[in-house]
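Student: Following this message is one structure expressed as structure tokens.
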Amino acid sequence: QAYYYVIIIVYIISVLIGLIFMFFIKRLAGCCIWVILIFLVLSMAVGGFILFNKAQSQEKEIDGQSRSSTTKYVSYGLWAGAIIAALMIFCLFRQIQLLVAVLESAAIFVNQEGVSLLAPVLLFFIKVIFTAAWIVSFIYLFSTGTPKLKKKGYPIGGITWDNHHREMVYYHLFGYYWISCFLVSFFEFVMASAVSIWYFLQDRSKSIFGISVFRGLFYHFGSIAFGSLILAVIKFIKAIFDYIHTQLEVLRENGQMQILTKITGCCMDFFERFVKFINNHAYIHIALTGDSFCTSAYNGFCLIMRNGLRFGLSAGILPWFCFLSKVGITTISTISGYFIVNAFAEKQNAVEEVGGMVIIFGIGSYIVSSIFMSVWSMSAQTILHCFCVDEEIQNKKGSRAAKAPQPIRDYMHSLETCLLYTSDAADDLLCVDLGGRRIIKKKK
């Protein structure tokens with residue numbers, strides 16, 4: 001029982017490390033991103049140099065000409081990749097600076113709105129409760145079929161269904177996909193709405209999460225349900241496809257059919273991720289404008305196309321940054337937990353239990369770091385989306401985006417040459433409606 005207190009202490013340490021990490025991101029995000037990019041270029045250059053030296057040593061060996069030429073081509077490819085990456089970093093210097101400002105702003109949001117970290121935890125428990133209830137009802141539905149022995153003399157049989165029962169099972173399975181996707185989509189909308197209000201609202205002392213939940217339940221429930229329906233249909237089709245693949249012997253024996261089914265599965269996975277990406281930005285646009293799902297999805301997609309470099313950099317760098325952050329938080333928390341439990345175990349003469357406890361610490365710390373990174377990543381994507389909308393609105397007035405958090409304002413100040421930064425120009429066209437359908441609207 002004493003170990004339970006140690007586990008709680010280690011998880012509290014994980015949360016504190018996550019908060020400290022967010023505090024440092026506000027000041028060191030730029031340094032971290034530039035280190036990652038420079039390390040990428042140097043690793044390709046050094047890798048090409050190592051392979052080139054290996055190719056020269058292979059030329060001296062007997063029958064090593066073919067291998068040396070292949071190794072040389074790989075080294076040339078790495079050098080070319082390093083040169084291209086360096087040129088891209090040089091050409092996209094300003095866009096990378098904007099991404100750094102967005103990440104710093106997201107860290108400020110997480111620090112100011114600490115309640116946002118409870119949203120993934122609440123979503124997890126709701127999904128666990130729903131999944132448990134669904135499993136119980138599915139077992140009951142499954143048992144309503146007709147029992148039938150597969151072979152005489154075997155105590156284990158099976159269940160046969162008529163068409164009516166089979167339709168009920170399919171309906172029940174599709175309902176699970178739809179409701180699960182709806183819960184995740186509702187969480188995404190609440191986060192998008194909260195971050196959008198935080199971005200445009202000057203007085204940031206309001207209960208933005210309570211307002212966002214209210215908006216999702218009473219103004220945009222149908223749009224969230226429709227977006228989750230599209231994703232549920234794709235998941236359901238994938239499940240049917242996987243079931244057919246496992247049942248047909250021809251697909252398992254024919255190599256060409258296996259390749260074809262794997263290619264089809266990859267295409268479906270790609271399409272599912274694309275729909276998730278579009279849905280994510282559609283919810284952000286719904287929170288901003290109050291439009292329907294289809295209109296918001298179209299406008300959000302057009303916004304992404306107009307700002308392809310910005311969103312492309314975000315999609316390329318942000319996942320790696322989140323992964324490295326998870327590894328860092330998990331490693332530091334696990335090592336801290338190891339020293340704590342090791343000291344405790346020596347007093348209790350239970351050193352053999354340290355290994356299992358460290359594994360528990362690692363799993364728990366990874367879950368905690370995933371919560372921090374999911375909120376931070378969603379916040380960064382929403383802030384970038386809001387900035388692009390804000391910028392396009394203000395460009396019509398001949399001014400810069402004026403409602404942005406301080407790191408983005410500093411970035412905009414660094415770009416100013418002849419256009420003056422002013423928040424009054426933004427107030428002529430842009431205002432915040434907290435309790436309504438939309439966040440941005442024209443003033444009458």
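Each chain in the structure tokens gets a letter, A, B, ..., in the order shown, and its residues are numbered from 1; ligands are numbered from 1 in order too.
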What's around Phe221 (chain A) at 12 Å? Count only C-alpha atoms, leave out sequence neighbours fewer than 2 positions away in its own chain, and write the answer as an mmCIF file with N, CA and C atoms, in the first residue's frame.

Tutor:
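After the write, out25.cif holds the following:
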data_model
loop_
_atom_site.group_PDB
_atom_site.id
_atom_site.type_symbol
_atom_site.label_atom_id
_atom_site.label_comp_id
_atom_site.auth_asym_id
_atom_site.auth_seq_id
_atom_site.Cartn_x
_atom_site.Cartn_y
_atom_site.Cartn_z
ATOM 1 N N PHE A 182 -17.626 10.966 -32.257
ATOM 2 C CA PHE A 182 -18.294 12.179 -31.792
ATOM 3 C C PHE A 182 -17.646 12.709 -30.512
ATOM 4 N N LEU A 183 -17.310 11.815 -29.593
ATOM 5 C CA LEU A 183 -16.672 12.257 -28.351
ATOM 6 C C LEU A 183 -15.347 12.942 -28.635
ATOM 7 N N SER A 185 -14.462 14.318 -31.504
ATOM 8 C CA SER A 185 -14.739 15.543 -32.258
ATOM 9 C C SER A 185 -15.239 16.655 -31.338
ATOM 10 N N PHE A 186 -16.056 16.297 -30.361
ATOM 11 C CA PHE A 186 -16.547 17.306 -29.420
ATOM 12 C C PHE A 186 -15.391 17.882 -28.604
ATOM 13 N N PHE A 187 -14.468 17.009 -28.202
ATOM 14 C CA PHE A 187 -13.264 17.485 -27.493
ATOM 15 C C PHE A 187 -12.462 18.431 -28.379
ATOM 16 N N PHE A 189 -13.582 20.276 -30.850
ATOM 17 C CA PHE A 189 -14.291 21.537 -31.001
ATOM 18 C C PHE A 189 -14.151 22.402 -29.747
ATOM 19 N N VAL A 190 -14.292 21.794 -28.574
ATOM 20 C CA VAL A 190 -14.171 22.566 -27.335
ATOM 21 C C VAL A 190 -12.784 23.187 -27.234
ATOM 22 N N SER A 212 -17.231 27.347 -24.264
ATOM 23 C CA SER A 212 -17.011 26.479 -25.424
ATOM 24 C C SER A 212 -17.890 25.237 -25.362
ATOM 25 N N VAL A 213 -18.041 24.649 -24.169
ATOM 26 C CA VAL A 213 -18.936 23.498 -24.022
ATOM 27 C C VAL A 213 -20.370 23.906 -24.327
ATOM 28 N N PHE A 214 -20.784 25.062 -23.848
ATOM 29 C CA PHE A 214 -22.129 25.565 -24.125
ATOM 30 C C PHE A 214 -22.336 25.753 -25.624
ATOM 31 N N ARG A 215 -21.365 26.345 -26.307
ATOM 32 C CA ARG A 215 -21.481 26.557 -27.753
ATOM 33 C C ARG A 215 -21.555 25.235 -28.503
ATOM 34 N N GLY A 216 -20.765 24.253 -28.058
ATOM 35 C CA GLY A 216 -20.803 22.962 -28.731
ATOM 36 C C GLY A 216 -22.118 22.227 -28.551
ATOM 37 N N LEU A 217 -22.715 22.336 -27.371
ATOM 38 C CA LEU A 217 -23.957 21.622 -27.086
ATOM 39 C C LEU A 217 -25.180 22.280 -27.716
ATOM 40 N N PHE A 218 -25.231 23.610 -27.735
ATOM 41 C CA PHE A 218 -26.453 24.313 -28.111
ATOM 42 C C PHE A 218 -26.391 24.999 -29.468
ATOM 43 N N TYR A 219 -25.198 25.149 -30.047
ATOM 44 C CA TYR A 219 -25.104 25.840 -31.325
ATOM 45 C C TYR A 219 -24.536 24.967 -32.445
ATOM 46 N N SER A 223 -23.293 20.020 -36.379
ATOM 47 C CA SER A 223 -22.086 20.057 -37.214
ATOM 48 C C SER A 223 -21.040 19.074 -36.702
ATOM 49 N N ILE A 224 -20.899 19.001 -35.387
ATOM 50 C CA ILE A 224 -19.942 18.050 -34.814
ATOM 51 C C ILE A 224 -20.384 16.613 -35.104
ATOM 52 N N ALA A 225 -21.687 16.352 -34.984
ATOM 53 C CA ALA A 225 -22.206 15.008 -35.254
ATOM 54 C C ALA A 225 -22.015 14.632 -36.722
ATOM 55 N N PHE A 226 -22.209 15.592 -37.628
ATOM 56 C CA PHE A 226 -22.048 15.290 -39.055
ATOM 57 C C PHE A 226 -20.588 15.001 -39.390
ATOM 58 N N GLY A 227 -19.666 15.804 -38.841
ATOM 59 C CA GLY A 227 -18.249 15.548 -39.087
ATOM 60 C C GLY A 227 -17.800 14.211 -38.540
ATOM 61 N N SER A 228 -18.285 13.853 -37.348
ATOM 62 C CA SER A 228 -17.942 12.541 -36.785
ATOM 63 C C SER A 228 -18.606 11.408 -37.558
ATOM 64 N N TYR A 283 -13.672 22.225 -37.586
ATOM 65 C CA TYR A 283 -14.171 22.583 -36.254
ATOM 66 C C TYR A 283 -13.622 23.937 -35.808
ATOM 67 N N ILE A 286 -15.638 26.435 -37.694
ATOM 68 C CA ILE A 286 -16.988 26.511 -37.124
ATOM 69 C C ILE A 286 -16.980 27.366 -35.868
ATOM 70 N N ALA A 287 -15.980 27.157 -35.020
ATOM 71 C CA ALA A 287 -15.882 27.941 -33.789
ATOM 72 C C ALA A 287 -15.692 29.426 -34.085
ATOM 73 N N GLY A 290 -19.108 30.227 -37.106
ATOM 74 C CA GLY A 290 -20.456 29.738 -36.873
ATOM 75 C C GLY A 290 -21.116 29.147 -38.091
ATOM 76 N N SER A 292 -21.865 26.246 -41.191
ATOM 77 C CA SER A 292 -22.138 24.814 -41.157
ATOM 78 C C SER A 292 -20.855 24.024 -41.378
ATOM 79 N N PHE A 293 -20.957 22.713 -41.210
ATOM 80 C CA PHE A 293 -19.747 21.884 -41.316
ATOM 81 C C PHE A 293 -19.182 21.918 -42.725
ATOM 82 N N ARG A 437 -23.021 32.057 -31.702
ATOM 83 C CA ARG A 437 -22.598 30.979 -32.586
ATOM 84 C C ARG A 437 -21.172 31.170 -33.057
#

Student: Can you tell me, as a PDB file with N, CA, C and O atoms, in the first residue's frame, what residues are no more than 10 Å from Gly145 (chain A) when counting only C-alpha atoms, ignoring any on the same chain fewer than 3 positions away?

Tutor:
ATOM      1  N   TYR A 140     -24.762  -9.010 -24.853  1.00  0.00           N
ATOM      2  CA  TYR A 140     -26.183  -9.382 -24.785  1.00  0.00           C
ATOM      3  C   TYR A 140     -26.753  -9.565 -26.186  1.00  0.00           C
ATOM      4  O   TYR A 140     -27.485 -10.527 -26.458  1.00  0.00           O
ATOM      5  N   LEU A 141     -26.422  -8.655 -27.100  1.00  0.00           N
ATOM      6  CA  LEU A 141     -26.917  -8.753 -28.464  1.00  0.00           C
ATOM      7  C   LEU A 141     -26.339  -9.977 -29.172  1.00  0.00           C
ATOM      8  O   LEU A 141     -27.035 -10.669 -29.923  1.00  0.00           O
ATOM      9  N   PHE A 142     -25.090 -10.270 -28.921  1.00  0.00           N
ATOM     10  CA  PHE A 142     -24.433 -11.422 -29.538  1.00  0.00           C
ATOM     11  C   PHE A 142     -25.079 -12.733 -29.083  1.00  0.00           C
ATOM     12  O   PHE A 142     -25.216 -13.673 -29.869  1.00  0.00           O
ATOM     13  N   LYS A 148     -25.287 -23.126 -31.566  1.00  0.00           N
ATOM     14  CA  LYS A 148     -25.106 -24.260 -32.467  1.00  0.00           C
ATOM     15  C   LYS A 148     -23.724 -24.846 -32.247  1.00  0.00           C
ATOM     16  O   LYS A 148     -22.719 -24.124 -32.204  1.00  0.00           O
ATOM     17  N   GLY A 158     -20.952 -22.249 -31.284  1.00  0.00           N
ATOM     18  CA  GLY A 158     -21.001 -20.911 -31.842  1.00  0.00           C
ATOM     19  C   GLY A 158     -22.411 -20.386 -31.828  1.00  0.00           C
ATOM     20  O   GLY A 158     -23.347 -21.025 -31.323  1.00  0.00           O
ATOM     21  N   ILE A 159     -22.554 -19.191 -32.380  1.00  0.00           N
ATOM     22  CA  ILE A 159     -23.851 -18.525 -32.451  1.00  0.00           C
ATOM     23  C   ILE A 159     -24.160 -18.233 -33.908  1.00  0.00           C
ATOM     24  O   ILE A 159     -23.310 -17.707 -34.644  1.00  0.00           O
ATOM     25  N   THR A 160     -25.347 -18.595 -34.333  1.00  0.00           N
ATOM     26  CA  THR A 160     -25.795 -18.280 -35.689  1.00  0.00           C
ATOM     27  C   THR A 160     -26.861 -17.190 -35.610  1.00  0.00           C
ATOM     28  O   THR A 160     -27.716 -17.194 -34.725  1.00  0.00           O
ATOM     29  N   TRP A 161     -26.806 -16.264 -36.560  1.00  0.00           N
ATOM     30  CA  TRP A 161     -27.750 -15.148 -36.606  1.00  0.00           C
ATOM     31  C   TRP A 161     -28.571 -15.221 -37.884  1.00  0.00           C
ATOM     32  O   TRP A 161     -28.089 -15.676 -38.930  1.00  0.00           O
ATOM     33  N   ASP A 162     -29.789 -14.739 -37.769  1.00  0.00           N
ATOM     34  CA  ASP A 162     -30.558 -14.513 -38.982  1.00  0.00           C
ATOM     35  C   ASP A 162     -30.252 -13.106 -39.488  1.00  0.00           C
ATOM     36  O   ASP A 162     -29.463 -12.364 -38.904  1.00  0.00           O
ATOM     37  N   HIS A 165     -30.843 -10.237 -36.851  1.00  0.00           N
ATOM     38  CA  HIS A 165     -29.803 -10.120 -35.836  1.00  0.00           C
ATOM     39  C   HIS A 165     -28.509  -9.562 -36.429  1.00  0.00           C
ATOM     40  O   HIS A 165     -27.817  -8.759 -35.792  1.00  0.00           O
ATOM     41  N   ARG A 166     -28.192  -9.993 -37.638  1.00  0.00           N
ATOM     42  CA  ARG A 166     -26.953  -9.507 -38.261  1.00  0.00           C
ATOM     43  C   ARG A 166     -27.027  -7.991 -38.500  1.00  0.00           C
ATOM     44  O   ARG A 166     -26.042  -7.263 -38.290  1.00  0.00           O
TER      45      ARG A 166
END

Student: Enumerate the residues of region 123-365 of chain A with a DSSP assignment of alpha helix (DSSP H), computed from the backbone, and present them as an MDAnalysis selection string.

Tutor: chainID A and resid 123:142 163:200 208:218 221:247 249:253 255:289 293:306 308:348 354:365

Student: Can you work out the spacing between CA of Ser137 (chain A) and CA of Ala232 (chain A) in Å, to one decimal?

Tutor: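 Distance between the two atoms: 19.5 Å.
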
Student: Report as number ranges by chain all protein, DNA and RNA residues lying within 6 Å of region 39-51 of chain A, evaluated on only C-alpha atoms, omitting residues in the same chain fewer than 2 positions from it.

Tutor: A: 35-37, 53-54, 75, 78-79, 82

Student: Just to confirm, what's the straight-line distance from CA of Ile20 (chain A) to CA of Tyr5 (chain A) in Å (one decimal)?

Tutor: 22.4 Å

Student: Within 12 Å of Phe93 (chain A), counting only C-alpha atoms, which residues show up once you throw out same-chain ones fewer than 2 positions away? Write them as a ChimeraX atom specification, please.

Tutor: /A:30,33-34,37,85-91,95-100,309-310,313

Student: Rank A:Asn163, A:Thr261, A:Thr71, A:Gln381 by their smallest atom-to-atom distance to Ala192 (chain A), using only C-alpha atoms, and report the top residue only.

Tutor: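 With only C-alpha atoms as the atom set, the closest residue is A:Gln381.
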
Student: Quick one: pull the distance between CA of Ala404 (chain A) and CA of Asn307 (chain A), Å, one decimal.

Tutor: 17.2 Å

Student: Could you give me, as a list in words, the residues within 12 Å of Ile9 (chain A), counting only C-alpha atoms and dropping anything in the same chain fewer than 5 positions from it?

Tutor: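 The neighbour list is Ala2, Tyr3, Tyr4, Ser14, Val15, Leu16, Ser333, Thr334, Ser336, Gly337, Tyr338, Ile340, Val341, Phe361, Gly364 and Ser365 of chain A.
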